[in-house]
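S.K.: One structure follows; several queries about it will come next.
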Amino acid sequence: MADQRTPKAATSDTNQGALAESGEPLSVAPANPPQEELIPALLPEDDADDEDNDSSLGVEDATSSTASVASSILNYRTIQGRTFHSEKYDTGYFTPIDDQQQESVDITHHYLSLILDGKLYLAPIKDGVQKVLDVGTGTGIWAIDFADQFPNAEVIGTDLSPIQPTWVPPNLKFELDDATQAWSWVDNTFDFIHMRYLFGAISDWDKLLAEAYRCCKPGGWVQSCEIDASFVSDDGTVDKVPGLELFNKLYQESGKKCGRSFCVVAEDLQRKSTEAAGFTDIQTVNYKIPIGGWAQNQKLREVGQFSKLTLENDIEGYTLLLWHNVMGWPKEEYQIFLFNVRKALKNKRVHGYMKLRFVYGRKP
C-alpha cells in the first residue's frame with residue numbers, strides 16, 4: 001500500500017522578508033497558515049461511509065449593484081429547471097445563480113476561512129487600505145466580511161447578476177460588471193483587488209490580470225485564489241472510483257471544449273499571468289483541500305466536511321450545464337453519474353482532495 005504520509009501542503013515560493021525596490025521593508029503579510037499533514041484517520045472495517053456523521057453541519061438542510069438594472073440583466077436563463085446568468089453576458093458560466101447554488105458558495109467561503117484560520121486574505125495590505133475591489137463577488141459574502149473588518153475602506157463587489165443582499169455594510173456597494181471585458185475604472189484606482197474561484201469563467205488570464213494591474217494603485221496588491229476541479233489522492237484511493245473518474249473527465253474536457261480552464265492551478269495560470277502583467281514580489285501559497293471528513297487532523301477534517309457539503313448540497317448545479325450543454329453526453333446516464341459521485345463522497349476510505357492556490361503580487 002502506498003505511504004499515506006504527505007508533505008505539509010502550504011508552500012510559498014518567495015521570501016516574505018523581501019525589500020521593495022525602494023529599499024524599504026514590505027508590509028508584513030498575515031502569516032500564511034501552514035497546513036498540517038493531510039493523513040487519513042484510521043477507520044474500523046465497518047465504518048467506510050460517513051453519511052450520518054456530518055449532521056451537525058446541516059447536511060439534511062443543505063439538500064432540501066446598481067440602483068437601476070436593465071431588464072435584460074434580470075432576464076435569467078432557465079436550463080433543466082435551474083436559473084443561470086442572463087444571455088446579455090456571453091460567458092457561458094457553468095453554475096446556476098439560484099438559492100441552492102448560493103448556499104454552496106457561502107459554504108465554500110466558510111471552508112476557505114477555516115483553512116486560513118479566519119483570515120480573509122494573505123496579501124500584505126496596509127491597515128489604512130482605502131479602496132478595494134472584489135471581482136466575481138458571487139453572493140458578496142467575502143466583500144461583506146471585508147467591509148466589516150475595514151469600515152473606513154470603500155469596497156466594491158462586481159458580478160454578472162444582482163444576487164447579492166441589500167442589507168450590507170455602508171462602505172460596501174455591488175455593481176454589475178463583466179470581468180472578462182475591459183474594466184470601467186480609471187487607472188490606479190484600487191489599493192487591493194481580490195478575485196476568487198474564477199475557474200471555468202476566464203478564457204484569457206493574461207487579459208484579466210492586465211486589467212487588474214491597470215486599475216491597481218502603485219504599491220497596491222492583487223490576490224487570486226483558485227482551486228482545480230479535480231479529485232486527486234496521495235494513496236491511490238481516488239483511482240478508478242466510479243463517479244470521481246468521470247467527474248474529473250467532465251471538467252477537464254469541458255474546459256478544453258469551451259476554452260475556459262478548470263485546471264488553473266495545474267496550468268499555473270495565476271502566477272504566470274500575474275507575472276506577465278508586471279506585478280512584483282509575487283508569492284504562491286498552496287493547500288490541499290480534503291473532500292470529506294477522512295483526515296486525521298481535526299481542522300482538516302472540519303475543512304473536508306464543509307468542502308464535501310458544498311458538493312453534496314448542489315452536485316447537480318456544478319455539473320448539469322457541462323454534462324448536457326457543453327459535452328452533450330447521454331441524458332439517461334446523468335443521474336447514474338450523480339449517484340456514483342454522491343456515493344464516493346460518503347466513503348471515508350476514498351481520500352480525495354483538491355489543489356488550492358493563492359497567488360498575490362504588488363504593483364511597483
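Chains: A, B, ... in order of the C-alpha cells. Residues: from 1 per chain. Ligands: from 1, in order shown.
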Please tabulate, as CSV, the residues of segment 113-220 of chain A that come within 12 Å of segment 278-293 of chain A, each with its closest pair of atoms and the distance in Å to one decimal, counting only C-alpha atoms and ordering rows by chain, then residue number upward.
M.R.:
residue,atom,partner,partner_atom,distance
A:Leu114,CA,A:Ile289,CA,10.7
A:Ile115,CA,A:Tyr287,CA,8.3
A:Leu116,CA,A:Tyr287,CA,9.8
A:Tyr121,CA,A:Val285,CA,11.5
A:Leu122,CA,A:Val285,CA,8.9
A:Ala123,CA,A:Gln283,CA,8.6
A:Pro124,CA,A:Asp281,CA,10.6
A:Asp206,CA,A:Gly278,CA,10.6
A:Leu209,CA,A:Gly278,CA,9.1
A:Ala210,CA,A:Gly278,CA,8.1
A:Glu211,CA,A:Gly278,CA,11.1
A:Ala212,CA,A:Phe279,CA,9.8
A:Tyr213,CA,A:Phe279,CA,7.2
A:Arg214,CA,A:Gly278,CA,9.8
A:Cys216,CA,A:Phe279,CA,10.0
A:Lys217,CA,A:Phe279,CA,11.3
A:Pro218,CA,A:Phe279,CA,9.8
A:Gly219,CA,A:Phe279,CA,9.8
A:Gly220,CA,A:Phe279,CA,9.6
S.K.: Taking the chain letters and numbering used in this document, name the residues of segment 64-257 of chain A that DSSP puts in helix (DSSP H, G or I), as a VMD selection string.
M.R.: chain A and resid 71 to 74 99 to 115 141 to 149 205 to 215 244 to 257
S.K.: Give me every strand (DSSP E or B) residue in segment 96-216 of chain A, going by DSSP on the backbone, as an MDAnalysis selection string.
M.R.: chainID A and resid 131:135 154:159 172:176 190:196 216
S.K.: Pick from A:Gly243, A:His110, A:Gly200, A:Val264: nearest to Glu333 of chain A, with only C-alpha atoms counted?
M.R.: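 Ranked by minimum distance to Glu333 of chain A, first place goes to A:Gly243.
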S.K.: Hey, what's within 12 Å of Glu175 of chain A if we count only C-alpha atoms and toss same-chain stuff fewer than 4 positions away? As a PDB file with C-alpha atoms, in the first residue's frame, please?
M.R.:
ATOM      1  CA  SER A  65     -25.451  46.734  -7.999  1.00  0.00           C
ATOM      2  CA  THR A  66     -26.631  49.319  -9.201  1.00  0.00           C
ATOM      3  CA  ALA A  67     -29.902  51.101  -8.297  1.00  0.00           C
ATOM      4  CA  SER A  68     -31.416  50.705 -11.753  1.00  0.00           C
ATOM      5  CA  VAL A  69     -30.852  47.436 -13.566  1.00  0.00           C
ATOM      6  CA  LEU A 133     -12.414  45.583  -5.484  1.00  0.00           C
ATOM      7  CA  ASP A 134     -13.828  42.055  -5.210  1.00  0.00           C
ATOM      8  CA  VAL A 135     -14.013  40.566  -8.721  1.00  0.00           C
ATOM      9  CA  GLY A 136     -16.675  37.900  -9.226  1.00  0.00           C
ATOM     10  CA  THR A 137     -18.194  38.587  -5.814  1.00  0.00           C
ATOM     11  CA  GLY A 138     -20.990  35.998  -6.156  1.00  0.00           C
ATOM     12  CA  GLY A 140     -20.964  39.056  -1.817  1.00  0.00           C
ATOM     13  CA  VAL A 155     -15.388  48.182  -1.027  1.00  0.00           C
ATOM     14  CA  ILE A 156     -16.909  47.308  -4.405  1.00  0.00           C
ATOM     15  CA  GLY A 157     -18.064  43.825  -5.377  1.00  0.00           C
ATOM     16  CA  THR A 158     -18.771  43.001  -9.028  1.00  0.00           C
ATOM     17  CA  ASP A 159     -20.538  40.147 -10.774  1.00  0.00           C
ATOM     18  CA  LEU A 160     -22.825  39.404 -13.710  1.00  0.00           C
ATOM     19  CA  SER A 161     -26.112  39.273 -11.775  1.00  0.00           C
ATOM     20  CA  PRO A 162     -27.556  41.261  -8.850  1.00  0.00           C
ATOM     21  CA  ILE A 163     -28.000  38.329  -6.465  1.00  0.00           C
ATOM     22  CA  GLN A 164     -26.250  39.971  -3.506  1.00  0.00           C
ATOM     23  CA  ALA A 179     -14.541  40.951 -15.639  1.00  0.00           C
ATOM     24  CA  TRP A 183     -12.893  47.239 -16.819  1.00  0.00           C
ATOM     25  CA  SER A 184     -14.770  50.501 -16.330  1.00  0.00           C
ATOM     26  CA  TRP A 185     -12.460  52.057 -13.742  1.00  0.00           C
TER      27      TRP A 185
END
S.K.: What is the distance between atom CA of Pro96 of chain A and atom CA of Val326 of chain A, in Å to one decimal?
M.R.: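 Between these atoms lies a distance of 14.5 Å.
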S.K.: Just the residues within 12 Å of His324 of chain A, please, counting only C-alpha atoms, with nothing from its chain fewer than 4 positions along; format it as number ranges by chain.
M.R.: A: 79-80, 94, 250, 254, 316-320, 328-335
S.K.: Quick one: pull the distance between atom CA of Pro40 of chain A and atom CA of Val241 of chain A, Å, one decimal.
M.R.: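 Result for atom CA of Pro40 of chain A versus atom CA of Val241 of chain A: 17.4 Å, one decimal.
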